[in-house]
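Have a look at entry-v4.txt; it's compact mmCIF, N, CA and C atoms:
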# COMPACT_ATOMS: atom_id res chain seq x y z
N MET A 438 9.05 -62.16 -13.72
CA MET A 438 8.18 -61.04 -13.73
C MET A 438 8.96 -59.82 -14.20
N SER A 439 8.47 -59.13 -15.16
CA SER A 439 9.16 -57.95 -15.67
C SER A 439 8.54 -56.69 -15.05
N THR A 440 9.37 -55.70 -14.87
CA THR A 440 8.86 -54.44 -14.32
C THR A 440 8.54 -53.50 -15.47
N PRO A 441 7.39 -52.89 -15.40
CA PRO A 441 7.04 -51.96 -16.49
C PRO A 441 7.90 -50.70 -16.41
N GLU A 442 8.24 -50.19 -17.58
CA GLU A 442 9.03 -48.96 -17.62
C GLU A 442 8.15 -47.77 -17.28
N LEU A 443 8.75 -46.81 -16.63
CA LEU A 443 8.00 -45.61 -16.28
C LEU A 443 7.75 -44.75 -17.51
N ASP A 444 6.53 -44.42 -17.71
CA ASP A 444 6.16 -43.51 -18.77
C ASP A 444 6.38 -42.09 -18.27
N HIS A 445 6.41 -41.12 -19.16
CA HIS A 445 6.61 -39.73 -18.75
C HIS A 445 5.51 -39.28 -17.79
N ASP A 446 4.30 -39.77 -18.01
CA ASP A 446 3.19 -39.39 -17.14
C ASP A 446 3.28 -40.06 -15.78
N ASP A 447 4.03 -41.15 -15.67
CA ASP A 447 4.16 -41.84 -14.40
C ASP A 447 5.36 -41.38 -13.59
N ALA A 448 6.11 -40.43 -14.10
CA ALA A 448 7.29 -39.94 -13.39
C ALA A 448 6.85 -39.24 -12.11
N PRO A 449 7.72 -39.22 -11.12
CA PRO A 449 7.37 -38.52 -9.89
C PRO A 449 7.06 -37.05 -10.15
N ALA A 450 6.18 -36.50 -9.36
CA ALA A 450 5.73 -35.13 -9.58
C ALA A 450 6.86 -34.12 -9.40
N THR A 451 7.86 -34.46 -8.60
CA THR A 451 8.95 -33.52 -8.37
C THR A 451 9.91 -33.45 -9.54
N ALA A 452 9.89 -34.43 -10.44
CA ALA A 452 10.82 -34.46 -11.55
C ALA A 452 10.23 -33.88 -12.83
N ARG A 453 8.95 -33.57 -12.82
CA ARG A 453 8.31 -33.04 -14.02
C ARG A 453 8.16 -31.53 -13.93
N PRO A 454 8.42 -30.84 -15.02
CA PRO A 454 8.19 -29.40 -15.00
C PRO A 454 6.69 -29.11 -14.95
N ARG A 455 6.35 -28.05 -14.29
CA ARG A 455 4.94 -27.63 -14.17
C ARG A 455 4.76 -26.38 -15.02
N HIS A 456 4.05 -26.54 -16.11
CA HIS A 456 3.92 -25.46 -17.07
C HIS A 456 3.01 -24.35 -16.56
N GLY A 457 2.01 -24.67 -15.77
CA GLY A 457 1.13 -23.64 -15.21
C GLY A 457 1.88 -22.71 -14.26
N LEU A 458 2.74 -23.28 -13.43
CA LEU A 458 3.55 -22.46 -12.54
C LEU A 458 4.55 -21.62 -13.31
N ALA A 459 5.07 -22.16 -14.41
CA ALA A 459 6.01 -21.41 -15.24
C ALA A 459 5.33 -20.18 -15.85
N ILE A 460 4.13 -20.37 -16.34
CA ILE A 460 3.37 -19.25 -16.92
C ILE A 460 3.04 -18.23 -15.84
N ALA A 461 2.65 -18.70 -14.66
CA ALA A 461 2.36 -17.79 -13.54
C ALA A 461 3.62 -17.02 -13.14
N SER A 462 4.75 -17.69 -13.13
CA SER A 462 6.00 -17.04 -12.77
C SER A 462 6.36 -15.94 -13.75
N VAL A 463 6.25 -16.23 -15.03
CA VAL A 463 6.58 -15.23 -16.05
C VAL A 463 5.61 -14.05 -15.98
N SER A 464 4.32 -14.33 -15.82
CA SER A 464 3.35 -13.23 -15.82
C SER A 464 3.49 -12.36 -14.57
N VAL A 465 3.67 -12.95 -13.40
CA VAL A 465 3.83 -12.17 -12.17
C VAL A 465 5.12 -11.36 -12.23
N SER A 466 6.20 -11.98 -12.68
CA SER A 466 7.47 -11.25 -12.72
C SER A 466 7.46 -10.15 -13.77
N ALA A 467 6.78 -10.36 -14.89
CA ALA A 467 6.71 -9.32 -15.92
C ALA A 467 5.93 -8.10 -15.41
N VAL A 468 4.81 -8.34 -14.77
CA VAL A 468 4.02 -7.23 -14.23
C VAL A 468 4.79 -6.52 -13.12
N ALA A 469 5.43 -7.28 -12.25
CA ALA A 469 6.20 -6.68 -11.16
C ALA A 469 7.38 -5.88 -11.70
N MET A 470 8.02 -6.37 -12.74
CA MET A 470 9.15 -5.65 -13.33
C MET A 470 8.69 -4.33 -13.94
N VAL A 471 7.58 -4.36 -14.66
CA VAL A 471 7.06 -3.13 -15.27
C VAL A 471 6.71 -2.11 -14.19
N LEU A 472 6.05 -2.55 -13.13
CA LEU A 472 5.69 -1.63 -12.04
C LEU A 472 6.93 -1.11 -11.32
N THR A 473 7.93 -1.94 -11.15
CA THR A 473 9.14 -1.50 -10.47
C THR A 473 9.89 -0.47 -11.29
N VAL A 474 10.04 -0.71 -12.58
CA VAL A 474 10.74 0.24 -13.44
C VAL A 474 9.93 1.53 -13.58
N ALA A 475 8.62 1.43 -13.71
CA ALA A 475 7.77 2.62 -13.79
C ALA A 475 7.85 3.43 -12.50
N THR A 476 7.97 2.76 -11.38
CA THR A 476 8.12 3.46 -10.10
C THR A 476 9.45 4.21 -10.05
N TRP A 477 10.51 3.58 -10.55
CA TRP A 477 11.80 4.27 -10.61
C TRP A 477 11.71 5.51 -11.48
N VAL A 478 11.08 5.40 -12.64
CA VAL A 478 10.96 6.55 -13.55
C VAL A 478 10.16 7.66 -12.89
N ALA A 479 9.04 7.31 -12.28
CA ALA A 479 8.21 8.31 -11.59
C ALA A 479 8.97 8.93 -10.42
N TRP A 480 9.74 8.12 -9.70
CA TRP A 480 10.52 8.63 -8.57
C TRP A 480 11.54 9.66 -9.05
N LEU A 481 12.24 9.34 -10.13
CA LEU A 481 13.26 10.26 -10.62
C LEU A 481 12.63 11.56 -11.13
N VAL A 482 11.46 11.48 -11.75
CA VAL A 482 10.78 12.68 -12.23
C VAL A 482 10.29 13.53 -11.07
N ILE A 483 9.60 12.94 -10.12
CA ILE A 483 9.02 13.71 -9.03
C ILE A 483 10.10 14.23 -8.08
N ARG A 484 11.16 13.47 -7.86
CA ARG A 484 12.23 13.94 -6.98
C ARG A 484 12.93 15.15 -7.58
N ALA A 485 13.14 15.15 -8.88
CA ALA A 485 13.78 16.30 -9.52
C ALA A 485 12.91 17.54 -9.39
N GLN A 486 11.61 17.39 -9.55
CA GLN A 486 10.71 18.53 -9.42
C GLN A 486 10.58 18.97 -7.97
N MET A 487 10.60 18.03 -7.03
CA MET A 487 10.49 18.40 -5.63
C MET A 487 11.73 19.13 -5.16
N GLN A 488 12.89 18.78 -5.65
CA GLN A 488 14.11 19.45 -5.24
C GLN A 488 14.24 20.82 -5.89
N ALA A 489 13.62 21.02 -7.04
CA ALA A 489 13.70 22.31 -7.73
C ALA A 489 12.80 23.35 -7.06
N VAL A 490 11.69 22.92 -6.48
CA VAL A 490 10.75 23.82 -5.83
C VAL A 490 10.75 23.50 -4.34
N PRO A 491 11.41 24.33 -3.51
CA PRO A 491 11.58 23.98 -2.08
C PRO A 491 10.30 23.77 -1.29
N PRO A 492 9.27 24.60 -1.38
CA PRO A 492 8.09 24.29 -0.56
C PRO A 492 7.28 23.15 -1.18
N TYR A 493 7.48 21.96 -0.67
CA TYR A 493 6.83 20.78 -1.22
C TYR A 493 5.36 20.77 -0.82
N SER A 494 4.52 20.42 -1.74
CA SER A 494 3.10 20.31 -1.43
C SER A 494 2.82 18.96 -0.78
N TRP A 495 1.72 18.87 -0.10
CA TRP A 495 1.36 17.60 0.54
C TRP A 495 1.01 16.56 -0.51
N ILE A 496 0.57 17.00 -1.67
CA ILE A 496 0.24 16.05 -2.74
C ILE A 496 1.51 15.36 -3.24
N SER A 497 2.58 16.11 -3.41
CA SER A 497 3.82 15.48 -3.86
C SER A 497 4.40 14.57 -2.79
N GLN A 498 4.21 14.91 -1.52
CA GLN A 498 4.68 14.02 -0.46
C GLN A 498 3.89 12.71 -0.43
N VAL A 499 2.59 12.81 -0.63
CA VAL A 499 1.78 11.59 -0.70
C VAL A 499 2.18 10.76 -1.91
N PHE A 500 2.46 11.41 -3.02
CA PHE A 500 2.90 10.70 -4.21
C PHE A 500 4.20 9.96 -3.96
N VAL A 501 5.14 10.59 -3.28
CA VAL A 501 6.40 9.94 -2.96
C VAL A 501 6.18 8.76 -2.02
N LEU A 502 5.28 8.90 -1.06
CA LEU A 502 4.97 7.79 -0.16
C LEU A 502 4.34 6.61 -0.90
N VAL A 503 3.49 6.90 -1.86
CA VAL A 503 2.89 5.83 -2.66
C VAL A 503 3.95 5.12 -3.49
N LEU A 504 4.88 5.89 -4.05
CA LEU A 504 5.96 5.26 -4.81
C LEU A 504 6.81 4.36 -3.93
N GLY A 505 7.11 4.82 -2.73
CA GLY A 505 7.86 3.97 -1.80
C GLY A 505 7.10 2.71 -1.44
N ALA A 506 5.80 2.84 -1.25
CA ALA A 506 4.98 1.66 -0.95
C ALA A 506 4.95 0.69 -2.12
N LEU A 507 4.98 1.21 -3.34
CA LEU A 507 5.01 0.33 -4.51
C LEU A 507 6.28 -0.49 -4.55
N TRP A 508 7.42 0.13 -4.20
CA TRP A 508 8.66 -0.64 -4.16
C TRP A 508 8.58 -1.75 -3.14
N PHE A 509 8.05 -1.44 -1.97
CA PHE A 509 7.94 -2.46 -0.94
C PHE A 509 6.93 -3.54 -1.34
N ALA A 510 5.92 -3.20 -2.13
CA ALA A 510 4.95 -4.20 -2.58
C ALA A 510 5.51 -5.08 -3.69
N MET A 511 6.46 -4.58 -4.45
CA MET A 511 7.03 -5.37 -5.55
C MET A 511 8.05 -6.39 -5.06
N ILE A 512 8.57 -6.21 -3.87
CA ILE A 512 9.51 -7.20 -3.33
C ILE A 512 8.83 -8.55 -3.15
N PRO A 513 7.66 -8.63 -2.47
CA PRO A 513 6.99 -9.95 -2.37
C PRO A 513 6.53 -10.49 -3.72
N ALA A 514 6.16 -9.60 -4.64
CA ALA A 514 5.75 -10.08 -5.97
C ALA A 514 6.93 -10.72 -6.70
N GLY A 515 8.10 -10.13 -6.58
CA GLY A 515 9.29 -10.72 -7.18
C GLY A 515 9.68 -12.03 -6.52
N VAL A 516 9.55 -12.08 -5.20
CA VAL A 516 9.85 -13.33 -4.48
C VAL A 516 8.85 -14.42 -4.88
N LEU A 517 7.59 -14.05 -5.01
CA LEU A 517 6.57 -15.02 -5.40
C LEU A 517 6.85 -15.57 -6.80
N SER A 518 7.22 -14.71 -7.73
CA SER A 518 7.52 -15.21 -9.08
C SER A 518 8.78 -16.06 -9.09
N THR A 519 9.74 -15.74 -8.22
CA THR A 519 10.94 -16.57 -8.11
C THR A 519 10.59 -17.95 -7.57
N VAL A 520 9.74 -18.00 -6.57
CA VAL A 520 9.32 -19.29 -6.00
C VAL A 520 8.53 -20.10 -7.04
N PHE A 521 7.64 -19.43 -7.75
CA PHE A 521 6.88 -20.12 -8.81
C PHE A 521 7.83 -20.68 -9.86
N GLY A 522 8.81 -19.89 -10.29
CA GLY A 522 9.75 -20.35 -11.30
C GLY A 522 10.59 -21.52 -10.81
N TYR A 523 10.98 -21.48 -9.54
CA TYR A 523 11.78 -22.57 -8.99
C TYR A 523 10.97 -23.86 -8.95
N PHE A 524 9.74 -23.78 -8.44
CA PHE A 524 8.92 -24.98 -8.35
C PHE A 524 8.33 -25.41 -9.68
N ALA A 525 8.41 -24.54 -10.69
CA ALA A 525 7.96 -24.92 -12.03
C ALA A 525 9.00 -25.78 -12.74
N GLY A 526 10.19 -25.84 -12.18
CA GLY A 526 11.21 -26.71 -12.75
C GLY A 526 12.34 -25.96 -13.43
N ALA A 527 12.61 -24.75 -12.99
CA ALA A 527 13.68 -23.97 -13.62
C ALA A 527 15.05 -24.59 -13.40
N ARG A 528 15.22 -25.32 -12.32
CA ARG A 528 16.51 -25.92 -12.00
C ARG A 528 16.67 -27.32 -12.57
N LEU A 529 15.61 -27.87 -13.11
CA LEU A 529 15.69 -29.21 -13.70
C LEU A 529 16.33 -29.14 -15.08
N GLN A 530 16.95 -30.25 -15.47
CA GLN A 530 17.54 -30.30 -16.81
C GLN A 530 16.47 -30.25 -17.88
N ASN A 531 15.33 -30.85 -17.61
CA ASN A 531 14.26 -30.84 -18.59
C ASN A 531 13.23 -29.75 -18.28
N GLY A 532 13.61 -28.79 -17.44
CA GLY A 532 12.71 -27.69 -17.10
C GLY A 532 12.47 -26.77 -18.28
N SER A 533 11.38 -26.06 -18.24
CA SER A 533 11.02 -25.21 -19.36
C SER A 533 11.78 -23.88 -19.31
N ASN A 534 11.92 -23.29 -20.45
CA ASN A 534 12.57 -21.99 -20.53
C ASN A 534 11.71 -20.91 -19.88
N ALA A 535 10.40 -21.10 -19.89
CA ALA A 535 9.51 -20.14 -19.24
C ALA A 535 9.75 -20.12 -17.74
N ALA A 536 9.99 -21.27 -17.15
CA ALA A 536 10.28 -21.32 -15.72
C ALA A 536 11.58 -20.61 -15.40
N ARG A 537 12.58 -20.80 -16.23
CA ARG A 537 13.86 -20.11 -16.03
C ARG A 537 13.70 -18.60 -16.20
N LEU A 538 12.95 -18.21 -17.23
CA LEU A 538 12.72 -16.79 -17.47
C LEU A 538 11.99 -16.16 -16.28
N GLY A 539 10.98 -16.83 -15.77
CA GLY A 539 10.25 -16.32 -14.61
C GLY A 539 11.13 -16.23 -13.38
N LEU A 540 11.98 -17.22 -13.18
CA LEU A 540 12.88 -17.23 -12.03
C LEU A 540 13.87 -16.07 -12.10
N TYR A 541 14.53 -15.91 -13.24
CA TYR A 541 15.55 -14.87 -13.36
C TYR A 541 14.94 -13.47 -13.40
N LEU A 542 13.79 -13.34 -14.05
CA LEU A 542 13.12 -12.04 -14.07
C LEU A 542 12.60 -11.68 -12.68
N GLY A 543 12.16 -12.67 -11.92
CA GLY A 543 11.75 -12.44 -10.54
C GLY A 543 12.91 -12.00 -9.66
N LEU A 544 14.07 -12.63 -9.84
CA LEU A 544 15.25 -12.22 -9.08
C LEU A 544 15.69 -10.80 -9.44
N LEU A 545 15.62 -10.46 -10.72
CA LEU A 545 15.96 -9.11 -11.15
C LEU A 545 14.97 -8.09 -10.58
N THR A 546 13.70 -8.45 -10.56
CA THR A 546 12.68 -7.58 -9.99
C THR A 546 12.94 -7.34 -8.51
N VAL A 547 13.28 -8.39 -7.78
CA VAL A 547 13.58 -8.24 -6.35
C VAL A 547 14.78 -7.32 -6.16
N ALA A 548 15.80 -7.47 -6.97
CA ALA A 548 17.00 -6.63 -6.84
C ALA A 548 16.68 -5.16 -7.11
N ILE A 549 15.91 -4.89 -8.16
CA ILE A 549 15.57 -3.50 -8.49
C ILE A 549 14.64 -2.91 -7.45
N ALA A 550 13.67 -3.70 -6.96
CA ALA A 550 12.75 -3.21 -5.94
C ALA A 550 13.47 -2.99 -4.61
N LEU A 551 14.42 -3.85 -4.27
CA LEU A 551 15.20 -3.64 -3.04
C LEU A 551 16.03 -2.38 -3.14
N ALA A 552 16.60 -2.12 -4.31
CA ALA A 552 17.36 -0.88 -4.50
C ALA A 552 16.45 0.33 -4.34
N GLY A 553 15.26 0.27 -4.90
CA GLY A 553 14.31 1.38 -4.75
C GLY A 553 13.86 1.56 -3.31
N ALA A 554 13.61 0.46 -2.62
CA ALA A 554 13.21 0.56 -1.22
C ALA A 554 14.34 1.13 -0.38
N ALA A 555 15.58 0.78 -0.69
CA ALA A 555 16.71 1.33 0.05
C ALA A 555 16.85 2.83 -0.21
N VAL A 556 16.68 3.25 -1.46
CA VAL A 556 16.75 4.68 -1.78
C VAL A 556 15.63 5.42 -1.07
N PHE A 557 14.44 4.86 -1.09
CA PHE A 557 13.30 5.49 -0.42
C PHE A 557 13.53 5.60 1.08
N THR A 558 14.07 4.56 1.68
CA THR A 558 14.27 4.53 3.12
C THR A 558 15.41 5.43 3.55
N LEU A 559 16.46 5.51 2.77
CA LEU A 559 17.65 6.27 3.16
C LEU A 559 17.56 7.76 2.85
N THR A 560 16.57 8.20 2.09
CA THR A 560 16.48 9.62 1.76
C THR A 560 15.19 10.29 2.24
N PRO A 561 14.60 9.89 3.36
CA PRO A 561 13.37 10.58 3.75
C PRO A 561 13.61 11.96 4.36
N SER A 562 14.81 12.20 4.84
CA SER A 562 15.06 13.49 5.49
C SER A 562 14.98 14.64 4.50
N ALA A 563 15.09 14.36 3.24
CA ALA A 563 15.03 15.42 2.24
C ALA A 563 13.61 15.89 1.96
N TRP A 564 12.61 15.12 2.35
CA TRP A 564 11.24 15.51 2.03
C TRP A 564 10.27 15.39 3.20
N THR A 565 10.74 15.19 4.41
CA THR A 565 9.85 15.11 5.56
C THR A 565 10.14 16.24 6.53
N GLY A 566 9.27 16.41 7.47
CA GLY A 566 9.46 17.42 8.50
C GLY A 566 8.71 18.69 8.19
N PRO A 567 8.59 19.57 9.17
CA PRO A 567 7.83 20.81 8.96
C PRO A 567 8.48 21.73 7.94
N ASP A 568 9.81 21.69 7.81
CA ASP A 568 10.46 22.56 6.83
C ASP A 568 10.24 22.10 5.40
N ALA A 569 9.82 20.86 5.23
CA ALA A 569 9.57 20.38 3.87
C ALA A 569 8.29 20.96 3.31
N LEU A 570 7.32 21.28 4.19
CA LEU A 570 6.06 21.84 3.72
C LEU A 570 6.15 23.34 3.47
N LEU A 571 6.95 24.02 4.25
CA LEU A 571 7.05 25.46 4.16
C LEU A 571 8.51 25.87 4.02
N PRO A 572 8.76 27.02 3.42
CA PRO A 572 10.15 27.48 3.33
C PRO A 572 10.73 27.74 4.71
N ALA A 573 12.03 27.76 4.79
CA ALA A 573 12.71 27.96 6.07
C ALA A 573 12.30 29.29 6.68
N GLY A 574 12.01 29.29 7.98
CA GLY A 574 11.66 30.50 8.70
C GLY A 574 10.19 30.84 8.70
N THR A 575 9.36 30.15 7.93
CA THR A 575 7.94 30.49 7.89
C THR A 575 7.09 29.55 8.72
N TYR A 576 7.68 28.56 9.34
CA TYR A 576 6.89 27.60 10.11
C TYR A 576 6.20 28.26 11.30
N ASP A 577 6.95 29.02 12.08
CA ASP A 577 6.36 29.66 13.26
C ASP A 577 5.35 30.72 12.88
N SER A 578 5.66 31.50 11.85
CA SER A 578 4.73 32.56 11.47
C SER A 578 3.46 31.99 10.84
N TYR A 579 3.54 30.80 10.27
CA TYR A 579 2.35 30.20 9.66
C TYR A 579 1.39 29.68 10.72
N PHE A 580 1.90 29.05 11.76
CA PHE A 580 1.04 28.43 12.76
C PHE A 580 0.76 29.33 13.96
N HIS A 581 1.54 30.37 14.17
CA HIS A 581 1.35 31.26 15.32
C HIS A 581 1.06 32.67 14.82
N ARG A 582 -0.17 32.88 14.44
CA ARG A 582 -0.54 34.21 13.90
C ARG A 582 -1.09 35.08 14.98
Structure encoded using C-alpha cells:
Amino acid sequence: MSTPELDHDDAPATARPRHGLAIASVSVSAVAMVLTVATWVAWLVIRAQMQAVPPYSWISQVFVLVLGALWFAMIPAGVLSTVFGYFAGARLQNGSNAARLGLYLGLLTVAIALAGAAVFTLTPSAWTGPDALLPAGTYDSYFHR
C-alpha cells in the first residue's frame, strides 16, 4: 500500500501562510502608523504653541488629552497587527512578505506609540492644574471676587 503525497492544499493549517491575515496586518499597521506619526506631529505643534502662550485655554488642554488618548489607542492597534502578522506566517520560511511587513510595521508602531504615551504621561505637570488655565497670581482673584 502506498501513501499518497501531501499536496499543498492538504498541508496542516499551521504550516501554510494565511494571506487574509497578512493583508489585515499590513492594513491595520499602516493606519496605526499614520495615526501615530500624525499624533506626534500634532503634539509637537500644539506643545510649542502652548508653551509660548502661558495661559492655556481649555480647548488646547482637551486637544492634548485627545492626542494622549490616540497614543494609548494605537498601542493595541499595533499589537493587533503584530499578532495578525505573526499568525499570517511571518516567521515561516514560506511566509509571505506582506505578513513580515505587517509584523515589523506593527512592532514599529507599538514602539512609537509607547514613546508617545510615555512622553504624554511624564509631562502632564506642564499643562495641568489651576495655574495652567490662568497666569500665576490670578487664580484667587478670578474665583474670589
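Nearest residue to Val471 in chain A among A:Ala510, A:Thr546, A:Val516, A:Leu538 is A:Thr546, counting all atoms listed in the file.
Remark: for Ser518 in chain A, the closest of the candidate residues A:Val465, A:Leu502, A:Ala550, A:Tyr541 is A:Val465 (distances computed over only C-alpha atoms).
Distance-wise, CA of Asn534 in chain A and CA of Val478 in chain A end up 29.4 Å apart.
Shortest atom-to-atom contact with Ser497 in chain A among A:Leu559, A:Ile483, A:Ala461, A:Val520: A:Ile483, counting all atoms listed in the file.
Each of A:Ala552, A:Thr558, A:Thr519, A:Gln498 was checked against Leu540 in chain A using all atoms listed in the file; the smallest atom-to-atom distance is that of A:Thr519.
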Have a look at A:Val468, A:Ala514, A:Leu481, A:Ala506 and name the one nearest to Val547 in chain A; count only N, CA and C atoms. A:Ala514
Report, as AutoDock Vina command-line options, the centre and edge lengths in Å (one decimal) of the axis-aligned box enclosing every listed atom of range 512-521 of chain A, padded by 8 Å on each side.
--center_x 8.3 --center_y -13.4 --center_z -6.1 --size_x 21.2 --size_y 30.5 --size_z 23.5
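Residues with any atom within 10 Å of the point (10.8, 5.4, -1.8), counting only C-alpha atoms, are Thr476, Trp477, Trp480, Phe500, Val501, Leu502, Val503, Leu504, Gly505, Ala506, Leu507, Trp508, Phe509, Ala550, Ala552, Gly553, Ala554, Ala555, Val556, Phe557, Thr558, Leu559, Thr560 and Pro561 of chain A.
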What is the CA of Leu517 in chain A-CA of Gly457 in chain A distance in Å, reported with one decimal? 14.1 Å
Using only C-alpha atoms, determine which residues lie at most 8 Å from Leu545 in chain A, disregarding the query and same-chain residues fewer than 4 positions distant; provide the list as a ChimeraX atom specification. /A:470,515,541,549
For atom C of Ile512 in chain A and CA of Ala479 in chain A, determine how far apart the two atoms are, in Å to one decimal place. 18.9 Å
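Nearest to Ala536 in chain A of all the residues A:Ala469, A:Leu458, A:Pro513, A:Val499 is A:Leu458, based on only N, CA and C atoms.
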Could you write out, as a count of residues only, all the residues of range 505-558 of chain A that DSSP marks as alpha helix (DSSP H)? 43
Do a neighbour search on Ala527 in chain A at 6.5 Å with all atoms listed in the file, toss out local chain neighbours closer than 4 positions, and write the hits as a VMD selection string. chain A and resid 522 to 523 532 to 533 536 to 537
Mind dumping the selected residues with N, CA and C atoms as a PDB file, in the frame of the given file?
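The result, written out as out.pdb:
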ATOM      1  N   GLY A 522       8.810 -19.890 -10.290  1.00  0.00           N
ATOM      2  CA  GLY A 522       9.750 -20.350 -11.300  1.00  0.00           C
ATOM      3  C   GLY A 522      10.590 -21.520 -10.810  1.00  0.00           C
ATOM      4  N   TYR A 523      10.980 -21.480  -9.540  1.00  0.00           N
ATOM      5  CA  TYR A 523      11.780 -22.570  -8.990  1.00  0.00           C
ATOM      6  C   TYR A 523      10.970 -23.860  -8.950  1.00  0.00           C
ATOM      7  N   GLY A 532      13.610 -28.790 -17.440  1.00  0.00           N
ATOM      8  CA  GLY A 532      12.710 -27.690 -17.100  1.00  0.00           C
ATOM      9  C   GLY A 532      12.470 -26.770 -18.280  1.00  0.00           C
ATOM     10  N   SER A 533      11.380 -26.060 -18.240  1.00  0.00           N
ATOM     11  CA  SER A 533      11.020 -25.210 -19.360  1.00  0.00           C
ATOM     12  C   SER A 533      11.780 -23.880 -19.310  1.00  0.00           C
ATOM     13  N   ALA A 536       9.990 -21.270 -17.150  1.00  0.00           N
ATOM     14  CA  ALA A 536      10.280 -21.320 -15.720  1.00  0.00           C
ATOM     15  C   ALA A 536      11.580 -20.610 -15.400  1.00  0.00           C
ATOM     16  N   ARG A 537      12.580 -20.800 -16.230  1.00  0.00           N
ATOM     17  CA  ARG A 537      13.860 -20.110 -16.030  1.00  0.00           C
ATOM     18  C   ARG A 537      13.700 -18.600 -16.200  1.00  0.00           C
TER      19      ARG A 537
END
